[in-house]
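K.L.:
This is coords.cif (mmCIF, C-alpha atoms (C1' of nucleotides)).
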```cif
data_input
loop_
_atom_site.label_atom_id
_atom_site.label_comp_id
_atom_site.auth_asym_id
_atom_site.auth_seq_id
_atom_site.Cartn_x
_atom_site.Cartn_y
_atom_site.Cartn_z
CA MET N 231 31.28 9.09 -4.68
CA ASP N 232 29.57 9.71 -7.97
CA THR N 233 26.67 12.12 -7.95
CA ASP N 234 24.36 9.65 -9.65
CA LEU N 235 25.32 6.93 -7.21
CA ALA N 236 24.73 9.25 -4.26
CA ARG N 237 21.36 10.17 -5.65
CA GLU N 238 20.44 6.54 -6.03
CA ARG N 239 21.57 5.62 -2.55
CA ILE N 240 19.59 8.46 -1.05
CA LEU N 241 16.48 7.44 -2.93
CA ASP N 242 16.99 3.80 -1.97
CA ALA N 243 17.25 4.72 1.69
CA ALA N 244 14.36 7.15 1.47
CA GLU N 245 12.15 4.56 -0.17
CA ASP N 246 12.93 1.87 2.40
CA LEU N 247 12.42 4.19 5.32
CA PHE N 248 9.50 6.32 4.16
CA TYR N 249 7.65 3.21 3.06
CA ALA N 250 8.31 1.26 6.23
CA ARG N 251 7.80 3.97 8.84
CA GLY N 252 5.95 6.79 7.16
CA ILE N 253 7.35 10.04 5.87
CA GLN N 254 7.13 12.25 8.92
CA ALA N 255 8.61 9.57 11.14
CA VAL N 256 11.88 9.56 9.20
CA GLY N 257 14.30 12.42 9.77
CA MET N 258 16.90 13.56 7.32
CA ASP N 259 19.63 12.35 9.66
CA VAL N 260 18.25 8.83 9.46
CA ILE N 261 18.41 9.03 5.68
CA ARG N 262 21.99 10.24 5.96
CA ASP N 263 22.90 7.29 8.15
CA ALA N 264 21.11 4.74 6.00
CA SER N 265 22.43 6.05 2.70
CA GLY N 266 25.96 6.86 3.82
CA VAL N 267 25.66 10.16 1.99
CA THR N 268 26.54 13.28 3.85
CA LEU N 269 23.75 15.67 4.82
CA ARG N 270 25.41 18.36 2.79
CA ARG N 271 25.20 16.33 -0.41
CA VAL N 272 21.67 15.23 0.34
CA TYR N 273 20.64 18.88 0.39
CA GLN N 274 22.62 19.61 -2.75
CA LEU N 275 20.69 16.92 -4.60
CA PHE N 276 17.33 17.50 -2.88
CA PRO N 277 17.04 21.08 -1.64
CA SER N 278 14.34 20.16 0.86
CA LYS N 279 12.71 17.14 2.35
CA SER N 280 9.59 17.66 0.29
CA ASP N 281 11.71 17.51 -2.86
CA LEU N 282 13.01 14.17 -1.66
CA VAL N 283 9.49 13.00 -0.93
CA GLU N 284 8.40 13.98 -4.41
CA ALA N 285 11.33 12.15 -5.96
CA TYR N 286 10.60 9.11 -3.83
CA LEU N 287 7.00 9.01 -4.99
CA ALA N 288 7.89 9.68 -8.62
CA ARG N 289 10.42 6.87 -8.75
CA ARG N 290 8.15 4.46 -6.97
CA ASP N 291 5.31 5.31 -9.32
CA THR N 292 7.23 4.40 -12.45
CA ARG N 293 8.94 1.36 -10.98
CA TRP N 294 5.75 -0.05 -9.52
CA LEU N 295 3.82 0.28 -12.73
CA GLN N 296 6.70 -1.03 -14.81
CA SER N 297 7.10 -4.05 -12.58
CA LEU N 298 3.41 -4.80 -12.83
CA ALA N 299 3.34 -4.38 -16.59
CA ALA N 300 6.40 -6.60 -17.02
CA TYR N 301 4.73 -9.33 -15.00
CA VAL N 302 1.51 -9.03 -16.97
CA ASP N 303 3.39 -9.10 -20.26
CA ALA N 304 5.19 -12.25 -19.17
CA ALA N 305 1.89 -13.95 -18.38
CA ALA N 306 0.40 -16.30 -20.94
CA GLY N 307 -1.50 -14.51 -23.61
CA ALA N 308 -5.29 -14.52 -23.31
CA PRO N 309 -6.54 -11.05 -22.34
CA ALA N 310 -8.54 -12.38 -19.41
CA GLU N 311 -5.43 -14.08 -18.10
CA ARG N 312 -3.55 -10.82 -18.31
CA LEU N 313 -6.08 -9.28 -15.98
CA ALA N 314 -5.83 -12.23 -13.63
CA ALA N 315 -2.06 -11.83 -13.67
CA VAL N 316 -2.48 -8.39 -12.12
CA PHE N 317 -3.89 -10.04 -9.03
CA ASP N 318 -1.20 -12.71 -9.02
CA TRP N 319 1.34 -9.92 -9.03
CA LEU N 320 -0.49 -8.23 -6.19
CA GLU N 321 -0.47 -11.46 -4.21
CA ASN N 322 3.28 -11.80 -4.63
CA TRP N 323 3.68 -8.23 -3.49
CA PHE N 324 1.41 -8.67 -0.47
CA ALA N 325 3.37 -11.74 0.60
CA GLN N 326 6.68 -9.91 0.72
CA SER N 327 7.92 -9.48 4.23
CA ASP N 328 8.37 -5.74 3.84
CA PHE N 329 4.92 -5.19 2.36
CA HIS N 330 3.23 -2.33 4.07
CA GLY N 331 0.38 -1.33 1.80
CA CYS N 332 0.34 1.01 -1.15
CA ALA N 333 2.88 3.78 -0.72
CA PHE N 334 0.53 6.25 -2.36
CA ILE N 335 -2.47 5.41 -0.23
CA ASN N 336 -0.23 5.66 2.82
CA SER N 337 1.29 8.97 1.76
CA PHE N 338 -2.11 10.33 0.94
CA GLY N 339 -3.40 9.31 4.33
CA GLU N 340 -0.45 10.91 6.02
CA LEU N 341 0.01 14.10 4.03
CA GLY N 342 -2.89 14.35 1.60
CA GLY N 343 -4.62 16.82 3.87
CA THR N 344 -1.70 19.20 4.12
CA SER N 345 0.45 18.67 1.03
CA PRO N 346 -1.10 19.31 -2.38
CA GLN N 347 1.98 17.82 -4.03
CA VAL N 348 1.58 14.51 -2.26
CA ALA N 349 -2.15 14.46 -2.96
CA ALA N 350 -1.48 15.15 -6.64
CA ALA N 351 1.16 12.42 -6.83
CA ALA N 352 -1.27 9.91 -5.39
CA ARG N 353 -3.98 11.01 -7.80
CA ARG N 354 -1.67 10.70 -10.80
CA HIS N 355 -0.47 7.27 -9.72
CA LYS N 356 -3.98 5.94 -9.21
CA ASP N 357 -5.19 7.49 -12.46
CA THR N 358 -2.46 5.70 -14.35
CA PHE N 359 -3.08 2.41 -12.60
CA HIS N 360 -6.82 2.56 -13.16
CA ALA N 361 -6.37 3.51 -16.80
CA TYR N 362 -4.10 0.49 -17.22
CA LEU N 363 -6.77 -1.79 -15.76
CA ARG N 364 -9.42 -0.29 -18.00
CA GLU N 365 -7.17 -1.03 -20.96
CA LEU N 366 -6.74 -4.62 -19.89
CA ALA N 367 -10.47 -4.96 -19.36
CA THR N 368 -11.43 -3.57 -22.75
CA ALA N 369 -8.76 -5.71 -24.39
CA ALA N 370 -10.52 -8.65 -22.75
CA GLY N 371 -13.79 -7.66 -24.32
CA ALA N 372 -15.37 -5.97 -21.33
CA THR N 373 -16.48 -2.39 -20.89
CA ALA N 374 -14.29 0.26 -19.37
CA ASP N 375 -16.69 0.33 -16.43
CA ILE N 376 -15.80 -3.26 -15.66
CA GLY N 377 -12.18 -2.14 -15.66
CA THR N 378 -13.04 0.54 -13.14
CA GLN N 379 -14.82 -1.96 -10.95
CA ILE N 380 -11.83 -4.26 -11.10
CA ALA N 381 -9.65 -1.32 -10.10
CA LEU N 382 -11.78 -0.90 -6.99
CA LEU N 383 -11.18 -4.56 -6.17
CA ALA N 384 -7.45 -4.05 -6.55
CA GLU N 385 -7.47 -0.98 -4.32
CA GLY N 386 -9.55 -2.74 -1.72
CA ALA N 387 -7.20 -5.71 -1.78
CA MET N 388 -4.22 -3.43 -1.19
CA THR N 389 -5.65 -1.71 1.85
CA THR N 390 -7.15 -4.88 3.26
CA ALA N 391 -3.93 -6.83 2.82
CA ALA N 392 -2.00 -4.04 4.47
CA ILE N 393 -4.25 -3.66 7.49
CA SER N 394 -5.00 -7.33 8.00
CA GLY N 395 -1.42 -8.41 7.32
CA THR N 396 -2.32 -11.30 5.04
CA PRO N 397 -2.05 -11.68 1.26
CA ALA N 398 -5.42 -13.44 1.05
CA PRO N 399 -7.35 -10.43 -0.28
CA ALA N 400 -5.47 -10.77 -3.56
CA ARG N 401 -7.09 -14.13 -4.23
CA GLN N 402 -10.53 -12.88 -3.24
CA ALA N 403 -10.15 -9.88 -5.48
CA ARG N 404 -8.87 -12.03 -8.31
CA GLN N 405 -11.87 -14.27 -8.09
CA ALA N 406 -14.29 -11.35 -7.97
CA ALA N 407 -12.57 -9.76 -10.95
CA GLN N 408 -12.86 -12.98 -12.90
CA THR N 409 -16.54 -13.17 -12.04
CA LEU N 410 -17.18 -9.63 -13.22
CA LEU N 411 -15.19 -10.19 -16.40
CA THR N 412 -16.67 -13.58 -17.17
CA LEU N 413 -20.17 -12.37 -16.70
CA GLU N 414 -19.60 -9.32 -18.80
CA THR N 415 -18.02 -11.10 -21.73
CA GLY N 416 -20.85 -13.60 -21.69
CA ARG N 417 -18.85 -16.74 -21.01
CA ALA N 418 -20.23 -19.52 -18.89
CA LYS N 419 -19.80 -19.34 -15.17
CA ARG N 420 -17.26 -21.84 -13.90
CA MET F 145 -17.40 23.36 32.52
CA ASP F 146 -18.60 19.84 33.11
CA THR F 147 -16.02 17.08 32.78
CA ASP F 148 -18.16 15.12 30.36
CA LEU F 149 -18.77 18.18 28.24
CA ALA F 150 -15.08 18.99 28.18
CA ARG F 151 -14.31 15.44 27.14
CA GLU F 152 -16.82 15.63 24.35
CA ARG F 153 -15.57 18.98 23.10
CA ILE F 154 -12.01 17.71 23.06
CA LEU F 155 -13.02 14.62 21.12
CA ASP F 156 -15.09 16.69 18.71
CA ALA F 157 -12.16 18.97 18.01
CA ALA F 158 -9.73 16.07 17.78
CA GLU F 159 -11.93 14.25 15.33
CA ASP F 160 -12.39 17.26 13.07
CA LEU F 161 -8.73 18.12 13.07
CA PHE F 162 -7.10 14.69 13.00
CA TYR F 163 -9.43 13.60 10.25
CA ALA F 164 -8.95 16.70 8.13
CA ARG F 165 -5.22 17.23 8.51
CA GLY F 166 -3.75 14.02 9.82
CA ILE F 167 -2.75 13.19 13.34
CA GLN F 168 0.84 14.34 13.41
CA ALA F 169 -0.04 17.62 11.74
CA VAL F 170 -2.30 18.64 14.63
CA GLY F 171 -0.67 19.83 17.81
CA MET F 172 -2.23 19.73 21.23
CA ASP F 173 -2.37 23.52 21.29
CA VAL F 174 -4.56 23.48 18.20
CA ILE F 175 -6.91 21.09 19.94
CA ARG F 176 -6.96 23.40 22.92
CA ASP F 177 -7.88 26.35 20.72
CA ALA F 178 -10.54 24.44 18.79
CA SER F 179 -12.14 22.83 21.81
CA GLY F 180 -11.90 25.79 24.16
CA VAL F 181 -10.66 23.43 26.84
CA THR F 182 -7.54 24.32 28.72
CA LEU F 183 -4.40 22.29 28.06
CA ARG F 184 -4.32 21.35 31.69
CA ARG F 185 -7.74 19.72 31.53
CA VAL F 186 -6.98 18.06 28.23
CA TYR F 187 -4.07 16.29 29.88
CA GLN F 188 -6.19 15.42 32.90
CA LEU F 189 -8.68 13.64 30.67
CA PHE F 190 -6.17 12.24 28.17
CA PRO F 191 -2.77 11.78 29.77
CA SER F 192 -0.96 11.77 26.45
CA LYS F 193 -1.64 12.51 22.83
CA SER F 194 -1.68 8.84 21.97
CA ASP F 195 -4.46 8.32 24.50
CA LEU F 196 -6.42 10.99 22.72
CA VAL F 197 -5.71 9.37 19.38
CA GLU F 198 -6.95 6.04 20.68
CA ALA F 199 -10.12 7.64 22.03
CA TYR F 200 -10.65 9.42 18.73
CA LEU F 201 -10.39 6.18 16.80
CA ALA F 202 -12.54 4.25 19.25
CA ARG F 203 -15.35 6.77 19.13
CA ARG F 204 -15.20 7.07 15.39
CA ASP F 205 -15.28 3.31 15.03
CA THR F 206 -18.53 2.89 16.92
CA ARG F 207 -20.19 5.96 15.47
CA TRP F 208 -19.28 5.09 11.91
CA LEU F 209 -20.56 1.56 12.15
CA GLN F 210 -23.69 2.63 13.99
CA SER F 211 -24.47 5.27 11.42
CA LEU F 212 -24.04 2.74 8.62
CA ALA F 213 -26.18 0.13 10.37
CA ALA F 214 -28.91 2.65 11.06
CA TYR F 215 -29.02 3.62 7.41
CA VAL F 216 -29.11 0.01 6.30
CA ASP F 217 -31.86 -0.79 8.77
CA ALA F 218 -33.89 2.11 7.48
CA ALA F 219 -33.58 0.85 3.91
CA ALA F 220 -36.42 -1.15 2.42
CA GLY F 221 -36.34 -4.75 3.44
CA ALA F 222 -35.01 -7.18 0.85
CA PRO F 223 -31.58 -8.48 1.89
CA ALA F 224 -30.00 -7.59 -1.43
CA GLU F 225 -31.29 -4.06 -1.03
CA ARG F 226 -29.71 -3.85 2.39
CA LEU F 227 -26.36 -4.58 0.81
CA ALA F 228 -26.98 -2.00 -1.86
CA ALA F 229 -27.86 0.48 0.86
CA VAL F 230 -24.32 0.16 2.19
CA PHE F 231 -23.06 1.68 -1.02
CA ASP F 232 -25.72 4.37 -1.01
CA TRP F 233 -24.56 5.30 2.45
CA LEU F 234 -20.98 5.37 1.21
CA GLU F 235 -21.96 7.62 -1.65
CA ASN F 236 -23.59 10.08 0.73
CA TRP F 237 -20.49 10.02 2.85
CA PHE F 238 -18.15 10.55 -0.10
CA ALA F 239 -20.20 13.51 -1.24
CA GLN F 240 -19.84 15.36 2.04
CA SER F 241 -17.64 18.37 1.70
CA ASP F 242 -15.41 17.32 4.57
CA PHE F 243 -14.93 13.77 3.29
CA HIS F 244 -11.31 12.84 3.36
CA GLY F 245 -11.24 9.07 3.07
CA CYS F 246 -11.49 6.43 5.75
CA ALA F 247 -10.03 7.64 9.01
CA PHE F 248 -8.67 4.20 9.76
CA ILE F 249 -6.97 3.75 6.42
CA ASN F 250 -5.50 7.22 6.81
CA SER F 251 -4.32 6.60 10.36
CA PHE F 252 -2.87 3.29 9.37
CA GLY F 253 -0.99 4.88 6.52
CA GLU F 254 0.34 7.57 8.79
CA LEU F 255 1.12 5.64 11.95
CA GLY F 256 0.61 1.96 11.21
CA GLY F 257 4.33 1.50 10.78
CA THR F 258 5.27 2.99 14.12
CA SER F 259 2.25 2.63 16.41
CA PRO F 260 0.97 -0.86 17.17
CA GLN F 261 -2.08 0.67 18.86
CA VAL F 262 -3.13 2.53 15.75
CA ALA F 263 -2.50 -0.52 13.60
CA ALA F 264 -4.61 -2.65 15.93
CA ALA F 265 -7.43 -0.11 15.96
CA ALA F 266 -7.52 -0.11 12.17
CA ARG F 267 -7.50 -3.90 12.09
CA ARG F 268 -10.36 -4.14 14.58
CA HIS F 269 -12.42 -1.58 12.70
CA LYS F 270 -11.96 -3.30 9.37
CA ASP F 271 -12.61 -6.71 10.86
CA THR F 272 -15.93 -5.50 12.23
CA PHE F 273 -16.90 -3.81 9.00
CA HIS F 274 -16.04 -6.83 6.90
CA ALA F 275 -17.86 -9.16 9.25
CA TYR F 276 -20.92 -6.95 8.93
CA LEU F 277 -20.78 -7.16 5.14
CA ARG F 278 -20.39 -10.93 5.28
CA GLU F 279 -23.50 -11.05 7.44
CA LEU F 280 -25.45 -8.97 4.97
CA ALA F 281 -24.20 -11.15 2.12
CA THR F 282 -25.13 -14.43 3.74
CA ALA F 283 -28.49 -12.98 4.74
CA ALA F 284 -28.98 -12.26 1.06
CA GLY F 285 -28.31 -15.87 0.20
CA ALA F 286 -24.71 -15.55 -0.94
CA THR F 287 -21.59 -17.11 0.50
CA ALA F 288 -19.41 -15.37 3.04
CA ASP F 289 -16.73 -15.17 0.34
CA ILE F 290 -19.02 -12.96 -1.71
CA GLY F 291 -19.32 -10.78 1.36
CA THR F 292 -15.54 -10.55 1.53
CA GLN F 293 -15.36 -9.61 -2.11
CA ILE F 294 -17.97 -6.95 -1.59
CA ALA F 295 -15.92 -5.65 1.32
CA LEU F 296 -12.96 -5.24 -1.03
CA LEU F 297 -15.18 -3.19 -3.33
CA ALA F 298 -16.19 -0.98 -0.43
CA GLU F 299 -12.59 -0.48 0.66
CA GLY F 300 -11.52 0.28 -2.88
CA ALA F 301 -14.34 2.77 -3.25
CA MET F 302 -13.25 4.56 -0.08
CA THR F 303 -9.64 5.02 -1.11
CA THR F 304 -10.50 5.84 -4.70
CA ALA F 305 -13.12 8.37 -3.69
CA ALA F 306 -10.68 9.97 -1.29
CA ILE F 307 -7.78 10.23 -3.71
CA SER F 308 -9.78 11.15 -6.78
CA GLY F 309 -12.04 13.52 -4.89
CA THR F 310 -15.27 12.27 -6.43
CA PRO F 311 -18.09 10.13 -5.00
CA ALA F 312 -18.44 8.18 -8.25
CA PRO F 313 -16.61 5.05 -7.00
CA ALA F 314 -19.54 4.34 -4.70
CA ARG F 315 -21.83 3.79 -7.66
CA GLN F 316 -19.29 1.65 -9.48
CA ALA F 317 -18.76 -0.45 -6.39
CA ARG F 318 -22.47 -0.74 -5.83
CA GLN F 319 -22.99 -2.01 -9.32
CA ALA F 320 -20.17 -4.51 -9.04
CA ALA F 321 -21.48 -5.71 -5.71
CA GLN F 322 -24.90 -6.21 -7.20
CA THR F 323 -23.38 -8.17 -10.06
CA LEU F 324 -21.49 -10.45 -7.72
CA LEU F 325 -24.52 -10.96 -5.53
CA THR F 326 -26.94 -11.48 -8.40
CA LEU F 327 -24.71 -13.98 -10.09
CA GLU F 328 -24.14 -15.87 -6.90
CA THR F 329 -27.75 -16.13 -5.90
CA GLY F 330 -28.58 -17.35 -9.38
CA ARG F 331 -30.86 -14.58 -10.49
CA ALA F 332 -30.97 -13.44 -14.06
CA LYS F 333 -28.61 -10.76 -15.19
CA ARG F 334 -30.33 -7.44 -15.72
"C1'" DT S 280 -12.48 37.07 57.28
"C1'" DG S 281 -8.57 34.19 56.57
"C1'" DT S 282 -6.79 30.17 54.09
"C1'" DG S 283 -5.95 26.47 51.23
"C1'" DG S 284 -6.86 24.03 47.17
"C1'" DG S 285 -8.33 23.82 42.49
"C1'" DC S 286 -8.63 26.20 38.03
"C1'" DG S 287 -7.55 29.03 33.70
"C1'" DA S 288 -4.10 31.23 30.99
"C1'" DG S 289 -0.03 31.12 29.27
"C1'" DA S 290 4.93 30.62 29.82
"C1'" DA S 291 8.53 27.34 30.07
"C1'" DC S 292 11.09 23.21 29.26
"C1'" DG S 293 13.14 19.64 26.62
"C1'" DA S 294 13.35 16.85 22.78
"C1'" DG S 295 13.19 16.17 17.81
"C1'" DC S 296 14.07 17.69 13.39
"C1'" DG S 297 14.76 20.47 8.96
"C1'" DT S 298 18.29 23.18 7.49
"C1'" DT S 299 22.68 25.65 7.59
"C1'" DC S 300 27.27 26.66 9.21
"C1'" DT S 301 32.07 25.69 10.80
"C1'" DC S 302 36.26 23.57 10.62
"C1'" DG S 303 39.78 20.87 9.09
"C1'" DA S 304 41.53 18.04 5.33
"C1'" DC S 305 42.23 17.14 0.64
"C1'" DT S 306 42.80 18.34 -4.31
"C1'" DC S 307 43.65 20.80 -8.28
"C1'" DT S 308 45.97 24.49 -10.57
"C1'" DG S 309 49.59 28.19 -11.56
"C1'" DC M 39 54.92 25.11 -3.31
"C1'" DA M 40 50.93 28.39 -2.43
"C1'" DG M 41 46.40 29.31 -2.40
"C1'" DA M 42 41.65 28.60 -3.43
"C1'" DG M 43 37.93 25.80 -3.86
"C1'" DT M 44 35.46 21.51 -2.40
"C1'" DC M 45 34.09 18.04 0.57
"C1'" DG M 46 33.04 15.15 4.83
"C1'" DA M 47 31.86 15.15 9.59
"C1'" DG M 48 29.43 16.92 12.84
"C1'" DA M 49 27.93 20.87 15.54
"C1'" DA M 50 24.75 24.53 15.67
"C1'" DC M 51 20.45 27.09 14.90
"C1'" DG M 52 15.70 27.88 15.00
"C1'" DC M 53 11.32 26.17 15.09
"C1'" DT M 54 7.69 22.99 16.43
"C1'" DC M 55 5.45 20.40 19.67
"C1'" DG M 56 4.36 17.24 23.68
"C1'" DT M 57 4.26 17.94 28.30
"C1'" DT M 58 4.74 20.38 32.69
"C1'" DC M 59 5.12 24.38 35.64
"C1'" DT M 60 4.00 29.08 37.48
"C1'" DC M 61 1.15 32.55 38.83
"C1'" DG M 62 -2.80 34.88 39.93
"C1'" DC M 63 -7.73 34.22 40.86
"C1'" DC M 64 -11.81 32.33 42.81
"C1'" DC M 65 -14.41 29.70 45.94
"C1'" DA M 66 -15.42 26.49 49.82
"C1'" DC M 67 -15.10 26.26 54.47
"C1'" DA M 68 -13.78 27.22 59.48
#
```
Render the structure in this file as structure tokens.
P.N.:
Amino acid sequence: MDTDLARERILDAAEDLFYARGIQAVGMDVIRDASGVTLRRVYQLFPSKSDLVEAYLARRDTRWLQSLAAYVDAAAGAPAERLAAVFDWLENWFAQSDFHGCAFINSFGELGGTSPQVAAAARRHKDTFHAYLRELATAAGATADIGTQIALLAEGAMTTAAISGTPAPARQARQAAQTLLTLETGRAKR
Amino acid sequence: MDTDLARERILDAAEDLFYARGIQAVGMDVIRDASGVTLRRVYQLFPSKSDLVEAYLARRDTRWLQSLAAYVDAAAGAPAERLAAVFDWLENWFAQSDFHGCAFINSFGELGGTSPQVAAAARRHKDTFHAYLRELATAAGATADIGTQIALLAEGAMTTAAISGTPAPARQARQAAQTLLTLETGRAKR
DNA sequence: TGTGGGCGAGAACGAGCGTTCTCGACTCTG
DNA sequence: CAGAGTCGAGAACGCTCGTTCTCGCCCACA
């Protein structure tokens, strides 16, 4: 098997398992079984489990943000609608059967207290996400602070959807975000 | 040593340690050392670690909500100010040196995928908290939906404060909550 | 004073898991 | 064909940790 393919299969298995069960609950042997890659090669590609965890988080970070941005770019053009599209994307995500909350919030909750690398990965991911929302907000004519407030709504929707098990928080957050944005940009209330 | 005192010392140690480092990262021997209670008595009072985890979450649930309610009750009377006081309380919490996010969000992220008891405890806690915010919102003349939206802001502030390490999200969330509430109750924008 | 039961301190046990090693088979090269 | 390197499969190692056991001590009670 190709090295790149092995690497991909390991990361695929790691992502599925770490995300579904938590990082500490998944042993390297389970990743071997799920990926079909021998333990020896796993350790050649990722010298330790924490390297694998870092790679898992790094790949998920870029893919998650890219998927979101692609969805937003595909949404019809008005800046306010682009912001609303963020919450539509979140709702789709929340409704997926394997949705289990934000991988970074989960990882931070699990290992943030003991692993500086995991804590830093979560911080970077959230920084990027919040900066993206601030961009969308300012493009829609609002202040960056409104973007920050909308980011809080998005974060709250993620944790609430995860814990409650329903995608409804996405709609609530979307509506609140629209209210904040509409008010700020001075348009009439619906 | 008194049984009740031993129980309290164990729970005190468990809360400090589980909250700071995560549940799986803290062994029973560490709880023995921190509490000064012998392993034998720990297991007499809590037959397994998961029993201790459940007791930890249960006690933290009631204490957290009681502390919040007491602060809100002490705040000056107008209903809208009571809601704002929630975010003042959050800001105080976030600024504490041992703040490490919401224990229930953290526990859910760590064990929600493998422990139905932990997942249920998180769900109950968040249900209660959100119901409380809906009460405060309706008492302030807004709809229950506004209360739900404000709950999302509070949740988002908790995770963002934890990951970013600053208490600033409390103020942002407070301002957004005020905006939502003010708009809804028809008062003039500041 | 003898005795039995409970307690503290710490060892011990057994399972899980991260990581490495062994062994046999296959491949590539001279 | 010979030999050396590489790889897959799985065992093995060492550590951690949840849980239980042992042993010596103390105290209540006859």
K.L.:
Pick out the closest residue to His330 in chain N from this set: F:Glu225, F:Gly180, F:Thr206, F:Thr258. Count all atoms listed in the file.
P.N.:
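Counting all atoms listed in the file, the residue closest to His330 in chain N is F:Thr258.
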K.L.:
Enumerate as a list in words the residues belonging to chain N that approach chain M to within 10 Å, with all atoms listed in the file taken into account.
P.N.:
Val267, Thr268, Leu269, Arg270 and Arg271 of chain N
K.L.:
For chain N, report every residue with an atom at most 12 Å from chain S (counting all atoms listed in the file), formatted as a compact mmCIF listing (two decimals) with C-alpha atoms, keeping the file's coordinate frame.
P.N.:
```
# COMPACT_ATOMS: atom_id res chain seq x y z
CA GLN N 254 7.13 12.25 8.92
CA ALA N 255 8.61 9.57 11.14
CA VAL N 256 11.88 9.56 9.20
CA GLY N 257 14.30 12.42 9.77
CA MET N 258 16.90 13.56 7.32
CA ASP N 259 19.63 12.35 9.66
CA VAL N 260 18.25 8.83 9.46
CA LEU N 269 23.75 15.67 4.82
CA ARG N 270 25.41 18.36 2.79
CA VAL N 272 21.67 15.23 0.34
CA TYR N 273 20.64 18.88 0.39
CA GLN N 274 22.62 19.61 -2.75
CA PHE N 276 17.33 17.50 -2.88
CA PRO N 277 17.04 21.08 -1.64
CA SER N 278 14.34 20.16 0.86
CA LYS N 279 12.71 17.14 2.35
CA SER N 280 9.59 17.66 0.29
```
K.L.:
What residues in chain F have any atom no more than 6 Å from chain N when counting all atoms listed in the file, and can you write them as a list in words?
P.N.:
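Written out as asked, the residues are Arg165, Gly166, Asn250, Gly253, Glu254, Gly257, Thr258, Arg267, Gln293, Leu296, Leu297, Glu299, Gly300, Ala301, Ile307, Ser308 and Gln316 of chain F.
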K.L.:
Excluding same-chain residues fewer than 5 positions from range 275-285 of chain F, what lies within 6 Å of it counting all atoms listed in the file, as a ChimeraX atom specification?
P.N.:
/F:223-224,291
K.L.:
For CA of Ala325 in chain N and CA of Ala285 in chain N, determine how far apart the two atoms are, in Å to one decimal place.
P.N.:
26.0 Å
K.L.:
Which distance in Å separates CA of Asp234 in chain N and CA of Arg293 in chain N, to one decimal?
P.N.:
17.6 Å
K.L.:
Have a look at CA of Phe231 in chain F and CA of Thr326 in chain F and let me know their distance in Å, one decimal.
P.N.:
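Separation between CA of Phe231 in chain F and CA of Thr326 in chain F: 15.6 Å.
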K.L.:
In terms of the shortest atom-to-atom distance over all atoms listed in the file, which of N:Leu282, N:Leu313, N:Ala308, N:Ala372 is closest to Ala243 in chain N?
P.N.:
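Using all atoms listed in the file, Ala243 in chain N sits closest to N:Leu282.
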K.L.:
Hey, could you pull the box centre and edge lengths for range 45-58 of chain M, axis-aligned, 3 Å padding per side, all listed atoms, to one decimal in Å, as JSON?
P.N.:
```
{"center_x": 19.2, "center_y": 21.5, "center_z": 16.6, "size_x": 35.8, "size_y": 18.7, "size_z": 38.1}
```
